[in-house]
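Visitor: Dropping in model-v1.csv, which is CSV, C-alpha atoms and all ligand atoms:
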chain,number,residue,atom,x,y,z
W,1216,MET,CA,88.6,31.3,45.9
W,1217,SER,CA,88.0,35.0,45.6
W,1218,GLY,CA,87.1,35.3,49.3
W,1219,GLU,CA,84.1,37.4,48.2
W,1220,VAL,CA,81.1,37.0,50.4
W,1221,PRO,CA,78.0,36.5,48.2
W,1222,ARG,CA,75.8,39.5,48.7
W,1223,LYS,CA,72.1,38.9,49.7
W,1224,ALA,CA,69.6,40.6,47.5
W,1225,PRO,CA,68.3,43.6,49.6
W,1226,GLN,CA,65.1,42.5,51.4
W,1227,LYS,CA,62.1,44.7,51.1
W,1228,ALA,CA,60.8,45.5,54.5
W,1229,PRO,CA,57.2,44.1,54.8
W,1230,GLN,CA,54.8,47.0,54.6
W,1231,LYS,CA,52.8,47.4,57.8
W,1232,ALA,CA,49.1,47.5,57.2
W,1233,PRO,CA,47.4,50.7,58.5
W,1234,MET,CA,45.1,50.1,61.5
W,1235,ALA,CA,41.7,51.4,62.2
W,1236,ARG,CA,39.2,51.0,65.0
W,1237,LEU,CA,36.4,48.6,64.0
W,1238,ASP,CA,33.6,51.1,64.5
W,1239,ARG,CA,35.4,53.8,62.6
W,1240,LEU,CA,36.2,51.4,59.7
W,1241,LEU,CA,32.6,50.3,59.4
W,1242,ALA,CA,31.2,53.8,59.8
W,1243,ASN,CA,33.5,55.0,57.0
W,1244,LEU,CA,32.4,52.3,54.7
W,1245,GLY,CA,28.8,53.5,55.2
W,1246,TYR,CA,27.4,50.8,57.5
W,1247,GLY,CA,25.9,53.4,59.9
W,1248,SER,CA,26.9,55.8,62.6
W,1249,ARG,CA,29.6,54.7,65.1
W,1250,ARG,CA,26.7,54.0,67.5
W,1251,GLU,CA,24.8,51.9,64.9
W,1252,VAL,CA,27.8,49.9,64.0
W,1253,GLY,CA,28.5,49.4,67.7
W,1254,ASP,CA,25.0,47.8,67.8
W,1255,LEU,CA,25.9,45.5,64.9
W,1256,VAL,CA,28.9,44.4,66.8
W,1257,ALA,CA,26.9,43.9,70.0
W,1258,HIS,CA,24.5,41.7,68.1
W,1259,ARG,CA,27.4,39.6,66.9
W,1260,GLN,CA,26.9,40.6,63.2
W,1261,VAL,CA,30.6,41.3,62.5
W,1262,VAL,CA,32.7,38.2,62.0
W,1263,LEU,CA,36.5,38.1,61.3
W,1264,ASP,CA,38.2,34.9,60.3
W,1265,GLY,CA,35.1,33.0,61.6
W,1266,VAL,CA,35.1,34.6,65.0
W,1267,GLU,CA,32.3,36.9,66.1
W,1268,LEU,CA,33.8,40.2,67.2
W,1269,ARG,CA,32.6,41.7,70.5
W,1270,ASP,CA,34.5,44.9,70.8
W,1271,SER,CA,33.7,47.8,68.4
W,1272,GLY,CA,36.9,49.5,69.6
W,1273,LEU,CA,39.1,46.6,68.4
W,1274,ARG,CA,41.9,47.8,66.2
W,1275,ILE,CA,41.9,46.0,62.8
W,1276,ALA,CA,44.8,45.8,60.4
W,1277,LEU,CA,43.5,47.0,57.0
W,1278,THR,CA,45.1,44.3,54.9
W,1279,PRO,CA,44.1,43.9,51.2
W,1280,ASP,CA,42.4,40.6,52.1
W,1281,LEU,CA,40.1,42.0,54.8
W,1282,SER,CA,37.0,41.9,52.6
W,1283,ALA,CA,37.5,38.2,52.2
W,1284,ARG,CA,38.0,37.6,55.9
W,1285,MET,CA,35.3,39.8,57.4
W,1286,THR,CA,31.6,39.5,57.1
W,1287,VAL,CA,28.9,42.0,58.2
W,1288,VAL,CA,25.4,40.6,58.6
W,1289,GLY,CA,26.6,37.5,56.8
W,1290,GLN,CA,27.9,39.4,53.7
W,1291,PRO,CA,31.5,40.0,52.8
W,1292,LEU,CA,32.8,43.4,53.9
W,1293,ASP,CA,32.6,46.1,51.2
W,1294,PRO,CA,35.9,47.0,49.5
W,1295,LEU,CA,38.2,49.2,51.5
W,1296,ALA,CA,39.4,52.6,50.3
W,1297,PRO,CA,41.0,53.3,47.9
W,1298,LEU,CA,38.3,52.1,45.6
W,1299,THR,CA,37.8,52.7,41.9
W,1300,VAL,CA,34.7,51.5,40.0
W,1301,LEU,CA,34.5,51.1,36.2
W,1302,MET,CA,31.0,51.8,35.0
W,1303,HIS,CA,29.2,51.6,31.7
W,1304,LYS,CA,27.3,54.8,32.1
W,1305,PRO,CA,23.8,54.4,30.6
W,1306,LEU,CA,22.0,57.2,28.7
W,1307,GLY,CA,19.7,59.4,30.7
W,1308,VAL,CA,21.7,59.4,33.9
W,1309,VAL,CA,23.7,62.4,35.3
W,1310,CYS,CA,27.1,62.4,36.8
W,1311,SER,CA,26.5,65.0,39.5
W,1312,HIS,CA,24.5,65.0,42.8
W,1313,ARG,CA,23.6,68.6,42.0
W,1314,GLU,CA,22.0,67.9,38.7
W,1315,ALA,CA,18.3,67.0,38.6
W,1316,GLY,CA,17.5,63.4,37.7
W,1317,ARG,CA,18.8,59.9,38.3
W,1318,ASN,CA,22.5,59.9,39.0
W,1319,ILE,CA,25.3,57.4,38.6
W,1320,TYR,CA,25.7,57.0,42.4
W,1321,GLU,CA,22.2,55.5,42.4
W,1322,LEU,CA,23.5,52.6,40.3
W,1323,LEU,CA,25.9,51.6,43.1
W,1324,PRO,CA,25.1,50.0,46.5
W,1325,ARG,CA,23.1,52.5,48.6
W,1326,ARG,CA,25.5,52.2,51.5
W,1327,TRP,CA,28.3,53.5,49.3
W,1328,ARG,CA,26.7,57.0,49.3
W,1329,ALA,CA,27.8,57.3,52.9
W,1330,ARG,CA,31.4,56.2,52.4
W,1331,MET,CA,34.2,58.4,53.6
W,1332,PRO,CA,36.2,59.3,51.7
W,1333,ALA,CA,33.4,59.9,49.2
W,1334,LEU,CA,33.3,58.5,45.7
W,1335,SER,CA,33.2,60.9,42.8
W,1336,SER,CA,33.4,60.5,39.0
W,1337,ILE,CA,36.7,61.1,37.2
W,1338,GLY,CA,35.4,63.8,34.9
W,1339,ARG,CA,31.9,63.7,33.7
W,1340,LEU,CA,29.8,62.5,30.8
W,1341,ASP,CA,26.7,64.4,29.7
W,1342,LYS,CA,23.3,63.0,30.6
W,1343,GLU,CA,22.9,61.9,26.9
W,1344,THR,CA,26.4,60.4,26.6
W,1345,SER,CA,27.0,56.7,27.4
W,1346,GLY,CA,30.1,54.7,28.0
W,1347,LEU,CA,33.2,54.2,30.1
W,1348,LEU,CA,33.2,56.1,33.4
W,1349,LEU,CA,35.5,55.8,36.4
W,1350,ILE,CA,34.3,56.6,39.9
W,1351,THR,CA,36.8,56.8,42.7
W,1352,ASP,CA,37.6,57.8,46.3
W,1353,ASP,CA,41.3,58.0,45.4
W,1354,GLY,CA,42.1,61.7,45.1
W,1355,PRO,CA,45.7,61.4,43.8
W,1356,PHE,CA,44.5,58.9,41.1
W,1357,LEU,CA,41.7,61.2,40.1
W,1358,HIS,CA,44.0,64.1,39.7
W,1359,ARG,CA,46.5,62.1,37.7
W,1360,VAL,CA,43.8,61.0,35.2
W,1361,ILE,CA,42.3,64.5,34.7
W,1362,SER,CA,45.5,66.5,34.9
W,1363,PRO,CA,46.2,68.1,31.5
W,1364,ARG,CA,49.8,67.2,32.1
W,1365,SER,CA,49.0,63.5,32.0
W,1366,HIS,CA,47.7,63.8,28.4
W,1367,ILE,CA,45.4,60.8,29.0
W,1368,ALA,CA,43.5,60.2,25.7
W,1369,LYS,CA,39.8,59.7,25.8
W,1370,ARG,CA,38.1,58.1,22.8
W,1371,TYR,CA,34.5,58.8,21.8
W,1372,VAL,CA,32.3,57.4,19.1
W,1373,ALA,CA,30.0,60.1,17.7
W,1374,THR,CA,27.0,59.5,15.4
W,1375,LEU,CA,26.4,62.6,13.4
W,1376,ASP,CA,23.4,64.4,11.9
W,1377,ARG,CA,25.1,65.1,8.6
W,1378,PRO,CA,27.7,63.2,6.5
W,1379,LEU,CA,31.4,64.0,7.2
W,1380,THR,CA,32.9,66.4,4.7
W,1381,GLY,CA,36.4,65.0,4.9
W,1382,ASP,CA,37.8,68.3,6.3
W,1383,GLU,CA,37.2,67.5,9.9
W,1384,ALA,CA,40.3,65.3,10.6
W,1385,GLY,CA,42.6,68.1,9.4
W,1386,ILE,CA,40.8,70.8,11.4
W,1387,PHE,CA,40.8,68.8,14.6
W,1388,ALA,CA,44.4,67.7,14.2
W,1389,ALA,CA,45.7,71.3,13.6
W,1390,GLY,CA,45.6,72.3,17.3
W,1391,THR,CA,44.2,75.7,16.3
W,1392,LEU,CA,40.4,75.2,16.6
W,1393,MET,CA,38.8,77.7,18.9
W,1394,LEU,CA,35.5,76.8,20.5
W,1395,ASP,CA,32.8,79.5,20.9
W,1396,GLY,CA,33.4,81.6,24.0
W,1397,GLU,CA,37.0,80.3,24.7
W,1398,THR,CA,40.3,82.0,24.5
W,1399,ASP,CA,42.7,79.0,24.1
W,1400,PRO,CA,42.7,76.8,21.0
W,1401,LEU,CA,42.0,73.1,21.5
W,1402,ALA,CA,44.9,70.6,21.6
W,1403,PRO,CA,45.2,68.4,18.5
W,1404,ALA,CA,42.6,65.6,18.3
W,1405,LEU,CA,42.4,62.5,16.2
W,1406,LEU,CA,39.3,61.9,14.1
W,1407,GLU,CA,38.9,58.5,12.5
W,1408,PRO,CA,35.9,58.1,10.2
W,1409,MET,CA,33.9,54.9,10.8
W,1410,GLY,CA,31.2,55.6,8.2
W,1411,ASP,CA,29.4,58.4,6.5
W,1412,ARG,CA,27.9,59.8,9.7
W,1413,GLU,CA,30.0,58.1,12.3
W,1414,ALA,CA,33.5,58.8,13.6
W,1415,SER,CA,35.7,58.1,16.6
W,1416,LEU,CA,37.3,61.2,18.1
W,1417,THR,CA,40.3,61.0,20.5
W,1418,ILE,CA,40.9,64.0,22.7
W,1419,THR,CA,43.3,64.7,25.5
W,1420,GLU,CA,41.4,67.5,27.2
W,1421,GLY,CA,38.1,67.6,29.0
W,1422,ARG,CA,36.4,70.8,28.2
W,1423,TYR,CA,32.7,71.3,28.7
W,1424,HIS,CA,30.7,69.4,26.1
W,1425,GLN,CA,33.9,69.3,24.1
W,1426,VAL,CA,33.1,66.7,21.5
W,1427,ARG,CA,29.6,68.1,20.8
W,1428,ARG,CA,31.1,71.6,20.5
W,1429,MET,CA,33.9,70.4,18.2
W,1430,PHE,CA,31.5,68.9,15.7
W,1431,ALA,CA,29.2,72.0,16.0
W,1432,ALA,CA,32.3,74.1,15.2
W,1433,VAL,CA,32.6,72.3,11.8
W,1434,GLY,CA,28.9,72.6,11.1
W,1435,ASN,CA,27.7,69.2,12.2
W,1436,HIS,CA,25.6,68.0,15.1
W,1437,VAL,CA,26.2,65.0,17.4
W,1438,VAL,CA,23.1,62.9,17.7
W,1439,ALA,CA,24.6,60.1,19.8
W,1440,LEU,CA,27.9,60.0,21.8
W,1441,HIS,CA,29.6,57.1,23.5
W,1442,ARG,CA,33.0,56.9,25.2
W,1443,ASP,CA,34.8,53.6,24.8
W,1444,ARG,CA,38.3,54.2,26.0
W,1445,ILE,CA,40.3,56.1,28.6
W,1446,GLY,CA,44.1,55.9,28.1
W,1447,GLY,CA,44.8,52.2,27.5
W,1448,LEU,CA,41.6,51.1,29.2
W,1449,GLU,CA,38.7,50.0,27.0
W,1450,LEU,CA,35.1,49.6,28.1
W,1451,PRO,CA,34.7,45.8,28.5
W,1452,ALA,CA,32.3,44.5,25.8
W,1453,ALA,CA,30.5,42.3,28.4
W,1454,LEU,CA,29.6,45.2,30.7
W,1455,GLU,CA,26.0,46.2,29.9
W,1456,PRO,CA,24.8,49.8,30.2
W,1457,GLY,CA,24.2,50.5,33.9
W,1458,ALA,CA,26.6,47.7,35.0
W,1459,TRP,CA,29.8,48.3,36.9
W,1460,ARG,CA,32.6,46.5,38.7
W,1461,VAL,CA,35.6,47.3,40.8
W,1462,LEU,CA,38.6,48.3,38.7
W,1463,SER,CA,41.6,46.0,39.2
W,1464,ALA,CA,45.2,47.3,39.8
W,1465,GLU,CA,46.2,46.0,36.3
W,1466,GLU,CA,43.3,47.9,34.7
W,1467,GLN,CA,44.2,51.0,36.7
W,1468,ALA,CA,47.8,50.8,35.4
W,1469,ALA,CA,46.6,50.2,31.8
W,1470,ILE,CA,45.1,53.7,31.8
W,1471,PHE,CA,48.6,55.2,31.9
W,1472,GLY,CA,50.3,52.4,29.9
L,1,LIG,N1,32.2,65.7,25.1
L,1,LIG,C1,30.9,65.9,25.1
L,1,LIG,O1,30.4,66.7,24.4
L,1,LIG,N2,30.1,65.2,26.0
L,1,LIG,C2,30.6,64.3,26.9
L,1,LIG,O2,29.8,63.7,27.6
L,1,LIG,C3,31.9,64.1,26.9
L,1,LIG,C4,32.7,64.8,26.0
What would you get if you wrote out this structure as structure tokens?
Guide:
Amino acid sequence: MSGEVPRKAPQKAPQKAPMARLDRLLANLGYGSRREVGDLVAHRQVVLDGVELRDSGLRIALTPDLSARMTVVGQPLDPLAPLTVLMHKPLGVVCSHREAGRNIYELLPRRWRARMPALSSIGRLDKETSGLLLITDDGPFLHRVISPRSHIAKRYVATLDRPLTGDEAGIFAAGTLMLDGETDPLAPALLEPMGDREASLTITEGRYHQVRRMFAAVGNHVVALHRDRIGGLELPAALEPGAWRVLSAEEQAAIFG
């Protein structure tokens, strides 16, 4: 016998769920003002684990399963923050509240426009660009995706007005291309022809109208543009234009994988 006492694997201390007052929780999810959600509670419209709640000042543990355990007016509670949505952005829709026209937030539940923290898109796609768009209320995640230091690749499929000449891949890969009005050359980008007038272009930056301006710089013109990948995350084939769903933790990790 060695006399050694077998060591127990170190136990991870169970993480304590953060707590929030019920009225603040519901107000921050967009269900109404603190007074309005107080009325919902008073009318027995908020149910937790099958029990009608009566006190809007009750402190609730914000566990990951809360949306499965709580209903509001008979419907499951909306997802808690942090929330990230994967959307197939359709053509003709803008990414900013400030731009005129229908915007991406109008494709989400109306109540979500009043969420705190607010949802915002991770980068933007032009009104006439379709494809994979992420929308989040998670600031650190947003910054990690858009930070130039993360080098997250974004892949676009461009349909062109004129046939490819064959020179584009070399020009884009060189890391020396200067766009009109800019002082820094573009980082190297990968062009893969898909046909006479179609190519995928993978870039790691997010400059204004970058893909359209890159093709303009080589004498072509983009007539249709679609983003199908961000990092290791592809736009799911089954997601129709305008459709969206909550991004899973695995999909979120795949972006950086
Ligand atoms: N490049 C563009 O030109 N437009 C987009 O929407 C995205 C990248």
Visitor: With distances taken over only C-alpha atoms and all ligand atoms, which of W:Arg1377, W:Lys1342, W:Arg1239, W:His1436 is nearest to ligand LIG 1 (chain L)?
Guide: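 The shortest atom-to-atom distance to ligand LIG 1 (chain L) comes from W:Lys1342.
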Visitor: Once you count all atoms listed in the file, what closest atom pair and distance in Å to one decimal does each residue of chain W within 6 Å of ligand LIG 1 (chain L) have, with rows by chain and rising residue number, as JSON lines?
Guide:
{"residue": "W:Leu1340", "atom": "CA", "partner": "L:LIG1", "partner_atom": "O2", "distance": 3.4}
{"residue": "W:Asp1341", "atom": "CA", "partner": "L:LIG1", "partner_atom": "O2", "distance": 3.8}
{"residue": "W:Thr1344", "atom": "CA", "partner": "L:LIG1", "partner_atom": "O2", "distance": 4.8}
{"residue": "W:His1424", "atom": "CA", "partner": "L:LIG1", "partner_atom": "O1", "distance": 3.2}
{"residue": "W:Gln1425", "atom": "CA", "partner": "L:LIG1", "partner_atom": "N1", "distance": 4.1}
{"residue": "W:Val1426", "atom": "CA", "partner": "L:LIG1", "partner_atom": "N1", "distance": 3.8}
{"residue": "W:Arg1427", "atom": "CA", "partner": "L:LIG1", "partner_atom": "O1", "distance": 3.9}
Visitor: Enter the distance from atom CA of W:Pro1297 to atom CA of W:Arg1328, in Å, rounded to one decimal.
Guide: 14.8 Å
Visitor: Between W:Tyr1423, W:Glu1314, W:Arg1359, W:Ala1276, single out the one closest to W:Glu1397, counting only C-alpha atoms.
Guide: W:Tyr1423
Visitor: Would you work out the distance separating atom CA of W:Met1429 from atom CA of W:Leu1301, expressed in Å to one decimal?
Guide: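 These two atoms are separated by 26.4 Å.
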Visitor: Report as a ChimeraX atom specification all protein, DNA and RNA residues lying within 10 Å of W:Pro1400, evaluated on all atoms listed in the file, omitting residues in the same chain fewer than 6 positions from it.
Guide: /W:1389-1394
Visitor: Which residues are near stretch 1437-1442 of chain W? Cut-off 8 Å, all atoms listed in the file, ignore same chain within fewer than 5 positions. Put them as a ChimeraX atom specification.
Guide: /W:1343-1347,1369-1376,1427,1430-1431
Visitor: May I ask which of the residues W:Leu1298, W:Ile1418, W:Ala1232, W:Ala1368 is the closest one to W:Leu1462, counting all atoms listed in the file?
Guide: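 Answer, going by the shortest atom-to-atom distance: W:Leu1298.
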Visitor: Hey, can you pull every residue with an atom no more than 10 Å from (35.6, 62.1, 50.1), using only C-alpha atoms, and send it as a PyMOL selection string?
Guide: chain W and resi 1329-1335+1351-1354
Visitor: Can you work out which one of W:Gly1381, W:Gly1272, W:Gln1260, W:Ala1432 has the shortest atom-to-atom distance to W:Asp1238, counting only C-alpha atoms?
Guide: W:Gly1272
Visitor: So that all listed atoms of stretch 1267-1285 of chain W fit with 5 Å spare on each side, what axis-aligned box centre and edge lengths in Å, to one decimal, would you give as AutoDock Vina command-line options?
Guide:
--center_x 38.7 --center_y 43.2 --center_z 61.0 --size_x 22.8 --size_y 22.6 --size_z 29.6
Visitor: List the spatial neighbours of stretch 1291-1293 of chain W as a PyMOL selection string - criterion: any atom at most 9 Å away, all atoms listed in the file, same-chain residues fewer than 2 positions off excluded.
Guide: chain W and resi 1241+1244+1281-1289+1295+1327
Visitor: In terms of the shortest atom-to-atom distance over all atoms listed in the file, which of W:Leu1379, W:Arg1428, W:Pro1294, W:Leu1454 is closest to W:Asp1411?
Guide: W:Leu1379
Visitor: Give me the residues near W:Gly1472 as a VMD selection string, where near means some atom within 9 Å (using all atoms listed in the file) and where sequence neighbours in that chain fewer than 4 positions away do not count.
Guide: chain W and resid 1446 to 1448 1468
Visitor: Export, as a compact mmCIF listing (two decimals), keeping the file's coordinate frame, the selected residues with C-alpha atoms.
Guide:
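So selection-v2.txt came out as:
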# COMPACT_ATOMS: atom_id res chain seq x y z
CA GLY W 1446 44.10 55.90 28.10
CA GLY W 1447 44.80 52.20 27.50
CA LEU W 1448 41.60 51.10 29.20
CA ALA W 1468 47.80 50.80 35.40
Visitor: From the options W:Ala1404, W:Phe1471, W:Arg1249, W:Leu1348, which residue's atoms come nearest to W:Pro1451, counting only C-alpha atoms?
Guide: W:Leu1348
Visitor: Quick one: everything within 6 Å of W:His1366, counting all atoms listed in the file, minus sequence neighbours fewer than 2 positions away in the same chain. Send it as a ChimeraX atom specification.
Guide: /W:1363-1364,1419
Visitor: Just the number, please: distance in Å from atom CA of W:Leu1306 to atom CA of W:Pro1456, one decimal.
Guide: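 That distance, rounded to one decimal, is 8.1 Å.
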Visitor: Supply stretch 1376-1400 of chain W as a compact mmCIF listing (two decimals), in the frame of the given file, with N, CA, C and O atoms built in where the input has gaps.
Guide:
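Written out: selection_20.txt:
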# COMPACT_ATOMS: atom_id res chain seq x y z
N ASP W 1376 24.60 64.05 12.61
CA ASP W 1376 23.40 64.40 11.90
C ASP W 1376 23.63 64.45 10.38
O ASP W 1376 22.78 64.08 9.57
N ARG W 1377 24.82 64.96 10.02
CA ARG W 1377 25.10 65.10 8.60
C ARG W 1377 26.37 64.34 8.23
O ARG W 1377 27.21 64.06 9.09
N PRO W 1378 26.53 64.00 6.94
CA PRO W 1378 27.70 63.20 6.50
C PRO W 1378 29.00 64.05 6.80
O PRO W 1378 28.99 65.28 6.75
N LEU W 1379 30.06 63.34 7.08
CA LEU W 1379 31.40 64.00 7.20
C LEU W 1379 31.78 64.61 5.89
O LEU W 1379 31.49 64.04 4.83
N THR W 1380 32.45 65.75 5.95
CA THR W 1380 32.90 66.40 4.70
C THR W 1380 34.24 65.95 4.24
O THR W 1380 34.61 66.12 3.08
N GLY W 1381 35.02 65.41 5.18
CA GLY W 1381 36.40 65.00 4.90
C GLY W 1381 37.40 66.07 5.38
O GLY W 1381 38.60 65.80 5.43
N ASP W 1382 36.90 67.24 5.76
CA ASP W 1382 37.80 68.30 6.30
C ASP W 1382 38.06 68.17 7.78
O ASP W 1382 38.99 68.78 8.31
N GLU W 1383 37.20 67.44 8.45
CA GLU W 1383 37.20 67.50 9.90
C GLU W 1383 38.53 67.00 10.51
O GLU W 1383 39.06 67.62 11.45
N ALA W 1384 39.09 65.90 9.97
CA ALA W 1384 40.30 65.30 10.60
C ALA W 1384 41.42 66.39 10.60
O ALA W 1384 42.11 66.56 11.62
N GLY W 1385 41.59 67.12 9.50
CA GLY W 1385 42.60 68.10 9.40
C GLY W 1385 42.38 69.28 10.38
O GLY W 1385 43.32 69.77 11.05
N ILE W 1386 41.14 69.70 10.46
CA ILE W 1386 40.80 70.80 11.40
C ILE W 1386 41.05 70.44 12.81
O ILE W 1386 41.64 71.20 13.59
N PHE W 1387 40.63 69.23 13.17
CA PHE W 1387 40.80 68.80 14.60
C PHE W 1387 42.25 68.52 14.92
O PHE W 1387 42.67 68.70 16.06
N ALA W 1388 43.03 68.08 13.94
CA ALA W 1388 44.40 67.70 14.20
C ALA W 1388 45.33 68.96 14.29
O ALA W 1388 46.44 68.90 14.84
N ALA W 1389 44.83 70.09 13.78
CA ALA W 1389 45.70 71.30 13.60
C ALA W 1389 46.12 71.89 14.96
O ALA W 1389 47.17 72.53 15.05
N GLY W 1390 45.28 71.71 15.99
CA GLY W 1390 45.60 72.30 17.30
C GLY W 1390 45.36 73.84 17.26
O GLY W 1390 45.95 74.58 18.07
N THR W 1391 44.48 74.28 16.36
CA THR W 1391 44.20 75.70 16.30
C THR W 1391 42.69 76.01 16.43
O THR W 1391 42.28 77.17 16.46
N LEU W 1392 41.88 74.96 16.53
CA LEU W 1392 40.40 75.20 16.60
C LEU W 1392 40.03 75.86 17.88
O LEU W 1392 40.40 75.43 18.97
N MET W 1393 39.27 76.92 17.74
CA MET W 1393 38.80 77.70 18.90
C MET W 1393 37.33 77.47 19.08
O MET W 1393 36.56 77.67 18.15
N LEU W 1394 36.95 77.03 20.25
CA LEU W 1394 35.50 76.80 20.50
C LEU W 1394 34.88 78.16 20.90
O LEU W 1394 35.55 79.02 21.49
N ASP W 1395 33.60 78.28 20.61
CA ASP W 1395 32.80 79.50 20.90
C ASP W 1395 33.02 79.88 22.41
O ASP W 1395 32.89 79.03 23.30
N GLY W 1396 33.36 81.13 22.64
CA GLY W 1396 33.40 81.60 24.00
C GLY W 1396 34.75 81.29 24.71
O GLY W 1396 34.90 81.57 25.89
N GLU W 1397 35.70 80.64 24.02
CA GLU W 1397 37.00 80.30 24.70
C GLU W 1397 38.11 81.10 24.13
O GLU W 1397 38.03 81.67 23.04
N THR W 1398 39.20 81.15 24.90
CA THR W 1398 40.30 82.00 24.50
C THR W 1398 41.56 81.15 24.11
O THR W 1398 42.50 81.68 23.53
N ASP W 1399 41.54 79.84 24.45
CA ASP W 1399 42.70 79.00 24.10
C ASP W 1399 42.23 77.98 23.04
O ASP W 1399 41.17 77.35 23.18
N PRO W 1400 43.07 77.78 22.02
CA PRO W 1400 42.70 76.80 21.00
C PRO W 1400 42.74 75.37 21.62
O PRO W 1400 43.41 75.13 22.62
